[in-house]
$ cat target03.tsv   # TSV, C-alpha atoms
chain	number	residue	atom	x	y	z
A	1	MET	CA	24.48	6.95	15.91
A	2	SER	CA	23.28	4.47	13.29
A	3	ASP	CA	22.62	0.83	14.04
A	4	LYS	CA	25.01	-1.14	11.79
A	5	LYS	CA	22.26	-3.40	10.39
A	6	ASN	CA	20.27	-0.33	9.28
A	7	LEU	CA	23.20	1.34	7.53
A	8	CYS	CA	22.73	2.09	3.87
A	9	PRO	CA	24.74	-0.30	1.68
A	10	CYS	CA	26.00	2.65	-0.42
A	11	GLY	CA	28.63	3.47	2.20
A	12	SER	CA	27.34	6.93	3.12
A	13	GLY	CA	27.27	6.08	6.83
A	14	LYS	CA	23.58	7.06	7.01
A	15	ASP	CA	20.61	4.85	7.82
A	16	TYR	CA	19.08	3.22	4.74
A	17	ALA	CA	15.72	4.92	5.49
A	18	GLU	CA	17.40	8.35	5.46
A	19	CYS	CA	19.57	7.67	2.41
A	20	CYS	CA	18.95	5.56	-0.68
A	21	GLU	CA	15.59	4.09	0.35
A	22	LYS	CA	13.84	7.42	-0.38
A	23	ILE	CA	15.26	7.45	-3.92
A	24	ILE	CA	14.58	3.74	-4.56
A	25	LYS	CA	10.98	3.99	-3.26
A	26	GLY	CA	10.39	7.17	-5.29
A	27	THR	CA	9.60	9.51	-2.39
A	28	GLU	CA	12.63	11.63	-3.32
A	29	LYS	CA	14.59	12.20	-6.53
A	30	ALA	CA	18.35	11.83	-6.65
A	31	LYS	CA	19.81	15.34	-6.46
A	32	THR	CA	23.11	14.37	-8.12
A	33	ALA	CA	24.50	11.73	-10.46
A	34	GLU	CA	26.48	10.29	-7.54
A	35	ALA	CA	23.32	10.00	-5.42
A	36	LEU	CA	21.66	8.02	-8.22
A	37	MET	CA	24.76	5.81	-8.56
A	38	ARG	CA	24.70	5.08	-4.83
A	39	ALA	CA	20.96	4.28	-5.00
A	40	ARG	CA	21.52	1.96	-7.99
A	41	TYR	CA	24.24	0.06	-6.12
A	42	THR	CA	21.96	-0.19	-3.09
A	43	ALA	CA	19.16	-1.46	-5.34
A	44	TYR	CA	21.42	-4.34	-6.44
A	45	VAL	CA	22.10	-5.17	-2.79
A	46	LYS	CA	18.39	-4.93	-1.86
A	47	HIS	CA	17.19	-6.70	-5.06
A	48	GLU	CA	15.12	-3.70	-6.19
A	49	ILE	CA	15.21	-4.65	-9.87
A	50	ASP	CA	12.38	-2.32	-10.95
A	51	PHE	CA	14.35	0.67	-9.67
A	52	ILE	CA	17.49	-0.44	-11.52
A	53	ILE	CA	15.55	-0.71	-14.77
A	54	ASN	CA	13.46	2.44	-14.27
A	55	SER	CA	16.51	4.57	-13.45
A	56	CYS	CA	18.00	3.90	-16.90
A	57	GLU	CA	17.65	6.31	-19.79
A	58	LYS	CA	15.32	5.02	-22.49
A	59	GLY	CA	15.33	5.72	-26.22
A	60	GLU	CA	15.65	4.30	-29.70
A	61	LYS	CA	19.44	4.15	-29.74
A	62	ILE	CA	19.78	2.88	-26.18
A	63	ALA	CA	20.05	-0.83	-25.50
A	64	GLU	CA	17.29	-2.21	-23.31
A	65	ILE	CA	18.48	-3.57	-19.98
A	66	ASP	CA	18.26	-7.36	-19.61
A	67	ARG	CA	15.93	-7.82	-16.62
A	68	LYS	CA	16.76	-11.51	-16.07
A	69	ALA	CA	20.54	-10.94	-16.17
A	70	THR	CA	20.20	-7.96	-13.83
A	71	GLU	CA	18.02	-9.93	-11.43
A	72	ASP	CA	20.41	-12.91	-11.51
A	73	TRP	CA	23.43	-10.70	-10.82
A	74	SER	CA	21.62	-9.00	-7.94
A	75	ASN	CA	20.30	-12.21	-6.39
A	76	ASN	CA	23.35	-14.43	-6.92
A	77	SER	CA	25.93	-11.99	-5.59
A	78	THR	CA	27.10	-11.05	-2.14
A	79	TRP	CA	27.79	-7.34	-2.25
A	80	HIS	CA	30.77	-6.09	-0.22
A	81	GLY	CA	30.82	-2.35	-0.87
A	82	LEU	CA	30.81	0.60	-3.22
A	83	LYS	CA	33.76	2.92	-3.70
A	84	ILE	CA	33.27	6.17	-5.61
A	85	LEU	CA	36.59	6.91	-7.33
A	86	ARG	CA	35.71	10.23	-8.99
A	87	THR	CA	32.85	12.36	-10.22
A	88	GLU	CA	32.75	14.81	-13.10
A	89	LYS	CA	29.91	17.31	-13.20
A	90	GLY	CA	26.67	15.62	-12.13
A	91	THR	CA	25.68	18.30	-9.60
A	92	GLU	CA	22.16	19.62	-9.06
A	93	ASN	CA	22.88	22.34	-11.65
A	94	ASP	CA	24.23	20.01	-14.39
A	95	ASP	CA	22.40	18.03	-17.07
A	96	GLU	CA	25.02	15.30	-17.34
A	97	GLY	CA	27.69	13.75	-15.22
A	98	ILE	CA	30.18	10.93	-14.83
A	99	VAL	CA	30.71	8.70	-11.82
A	100	GLU	CA	33.64	6.31	-11.78
A	101	PHE	CA	33.13	3.59	-9.21
A	102	GLU	CA	34.03	0.12	-8.02
A	103	ALA	CA	31.44	-2.31	-6.70
A	104	GLU	CA	32.98	-5.26	-4.89
A	105	TYR	CA	31.09	-8.54	-4.84
A	106	THR	CA	31.35	-12.33	-4.72
A	107	SER	CA	29.38	-14.52	-7.12
A	108	LYS	CA	29.57	-18.29	-7.61
A	109	GLY	CA	32.61	-18.47	-5.35
A	110	MET	CA	34.57	-15.84	-7.29
A	111	HIS	CA	35.48	-12.48	-5.80
A	112	ASP	CA	35.37	-9.60	-8.28
A	113	ILE	CA	35.39	-5.82	-8.54
A	114	HIS	CA	33.05	-4.22	-11.08
A	115	HIS	CA	34.98	-1.09	-12.15
A	116	GLU	CA	32.93	1.22	-14.33
A	117	ILE	CA	32.78	4.77	-15.59
A	118	GLY	CA	29.06	5.51	-15.55
A	119	GLY	CA	27.45	8.24	-17.62
A	120	PHE	CA	24.36	9.97	-16.27
A	121	LYS	CA	21.90	12.42	-17.83
A	122	LYS	CA	19.19	14.57	-16.34
A	123	VAL	CA	15.97	14.07	-18.28
A	124	ASN	CA	12.93	16.16	-17.33
A	125	GLY	CA	14.63	17.09	-14.06
A	126	GLU	CA	15.44	13.50	-13.13
A	127	TRP	CA	18.88	11.86	-13.09
A	128	LEU	CA	19.07	8.65	-15.16
A	129	TYR	CA	21.86	6.17	-15.82
A	130	SER	CA	22.80	6.60	-19.49
A	131	GLU	CA	25.76	4.37	-20.29
A	132	GLY	CA	28.67	2.60	-18.73
A	133	MET	CA	32.19	1.78	-19.77
A	134	MET	CA	33.87	-1.10	-18.01
A	135	ARG	CA	37.42	-0.64	-16.79
A	136	PRO	CA	39.21	-3.95	-17.23
A	137	THR	CA	40.91	-5.41	-14.20
A	138	THR	CA	44.28	-7.08	-14.37
A	139	VAL	CA	43.92	-10.83	-14.09
A	140	VAL	CA	46.78	-12.57	-12.31
A	141	ARG	CA	47.30	-16.21	-13.23
A	142	GLU	CA	47.40	-18.65	-10.38
A	143	GLY	CA	49.52	-21.72	-11.02
A	144	ARG	CA	51.85	-22.52	-13.87
A	145	LYS	CA	51.36	-21.57	-17.51
A	146	ILE	CA	50.03	-24.31	-19.82
A	147	GLY	CA	52.41	-25.21	-22.65
A	148	ARG	CA	51.11	-24.94	-26.23
A	149	ASN	CA	51.71	-28.63	-26.94
A	150	GLU	CA	50.28	-29.94	-23.67
A	151	PRO	CA	46.84	-31.56	-23.51
A	152	CYS	CA	44.10	-28.94	-23.14
A	153	PRO	CA	42.86	-28.72	-19.53
A	154	CYS	CA	39.24	-28.63	-20.78
A	155	GLY	CA	39.45	-32.39	-21.39
A	156	SER	CA	38.88	-32.33	-25.16
A	157	GLY	CA	41.93	-34.52	-25.82
A	158	LYS	CA	43.35	-31.90	-28.20
A	159	LYS	CA	46.58	-30.01	-27.72
A	160	TYR	CA	46.09	-26.71	-25.92
A	161	LYS	CA	47.20	-24.71	-28.99
A	162	ASN	CA	44.48	-26.38	-31.12
A	163	CYS	CA	41.72	-25.94	-28.55
A	164	CYS	CA	41.28	-23.30	-25.83
A	165	GLY	CA	44.70	-21.79	-26.57
A	166	LYS	CA	43.76	-20.65	-30.09
A	167	ASN	CA	44.17	-16.93	-30.69

$ encode --input "target03.tsv" --output "structure tokens"
Amino acid sequence: MSDKKNLCPCGSGKDYAECCEKIIKGTEKAKTAEALMRARYTAYVKHEIDFIINSCEKGEKIAEIDRKATEDWSNNSTWHGLKILRTEKGTENDDEGIVEFEAEYTSKGMHDIHHEIGGFKKVNGEWLYSEGMMRPTTVVREGRKIGRNEPCPCGSGKKYKNCCGKN
């Protein structure tokens, strides 16, 4: 039975050393797109920024990952868990796959769920993160709605409709 403090953050129920650590440290390649997704989540939790960057597909038409933003998100967040919602292809025998997931975290006092459909490609026998499409979450307003003609809550002195309420 695994010691809770040694459990892999990816939610597999396995010890970190027997799960994502091998992929993050490069002693083993991810066998599936989902395995790479789990290792990438774990890398955010463990602040393994090099792995996050190196596990991304590279190329002319692919945006370069922002190291500082990635590092800030990793370091300034408390990670609460990963939930794999679905996978499409992405097996050992495929060259591409999709993993839809939710990563729950708290940052700067705000609780959020990062819901993404991640695209993965196998390049030279290695799974890489290719692209992601965010799934918007429904925001529920707390408190009353601000009237269009009320003073803007930002403190500008303007009416809400002429300031932050502009469409």

$ closest_residue --input "target03.tsv" --among "A:Val123, A:Ile49, A:Leu82, A:Ala33" --to "A:Asp66" --atoms "only C-alpha atoms"
A:Ile49

$ atom_distance --input "target03.tsv" --atom1 "atom CA of A:Lys121" --atom2 "atom CA of A:Asp95"
5.7 Å

$ axis_aligned_box --input "target03.tsv" --around "stretch 72-88 of chain A" --padding-each-side "3 Å" --output "JSON"
{"center_x": 28.4, "center_y": 0.2, "center_z": -6.7, "size_x": 22.3, "size_y": 35.2, "size_z": 18.9}

$ atom_distance --input "target03.tsv" --atom1 "atom CA of A:Ala17" --atom2 "atom CA of A:Lys29"
14.1 Å

$ residues_around --input "target03.tsv" --residues "A:Ile65" --least-positions-apart "6" --cutoff "12 Å" --atoms "only C-alpha atoms" --output "list in words"
Ile49, Asp50, Phe51, Ile52, Ile53, Asn54, Ser55, Cys56, Glu57, Lys58, Gly59, Glu71, Tyr129, Ser130, Glu131 and Gly132 of chain A

$ atom_distance --input "target03.tsv" --atom1 "atom CA of A:Ser107" --atom2 "atom CA of A:Asn76"
6.0 Å

$ residues_around --input "target03.tsv" --residues "A:Pro153" --least-positions-apart "5" --cutoff "12 Å" --atoms "all atoms listed in the file" --output "VMD selection string"
chain A and resid 145 to 148 158 to 165

$ closest_residue --input "target03.tsv" --among "A:Leu128, A:Cys8, A:Met37, A:Ile113" --to "A:Arg86" --atoms "only C-alpha atoms"
A:Met37

$ residues_near_point --input "target03.tsv" --point "(18.5, 6.7, 5.6)" --cutoff "12 Å" --atoms "only C-alpha atoms" --output "PyMOL selection string"
chain A and resi 1-25+28+39+42

$ closest_residue --input "target03.tsv" --among "A:Thr27, A:Ser156, A:Asn75, A:Asp94" --to "A:His47" --atoms "all atoms listed in the file"
A:Asn75

$ residues_around --input "target03.tsv" --residues "A:Asp112" --least-positions-apart "5" --cutoff "12 Å" --atoms "only C-alpha atoms" --output "list in words"
Ser77, Thr78, Trp79, His80, Gly81, Glu102, Ala103, Glu104, Tyr105, Thr106, Ser107, Pro136, Thr137, Thr138 and Val139 of chain A
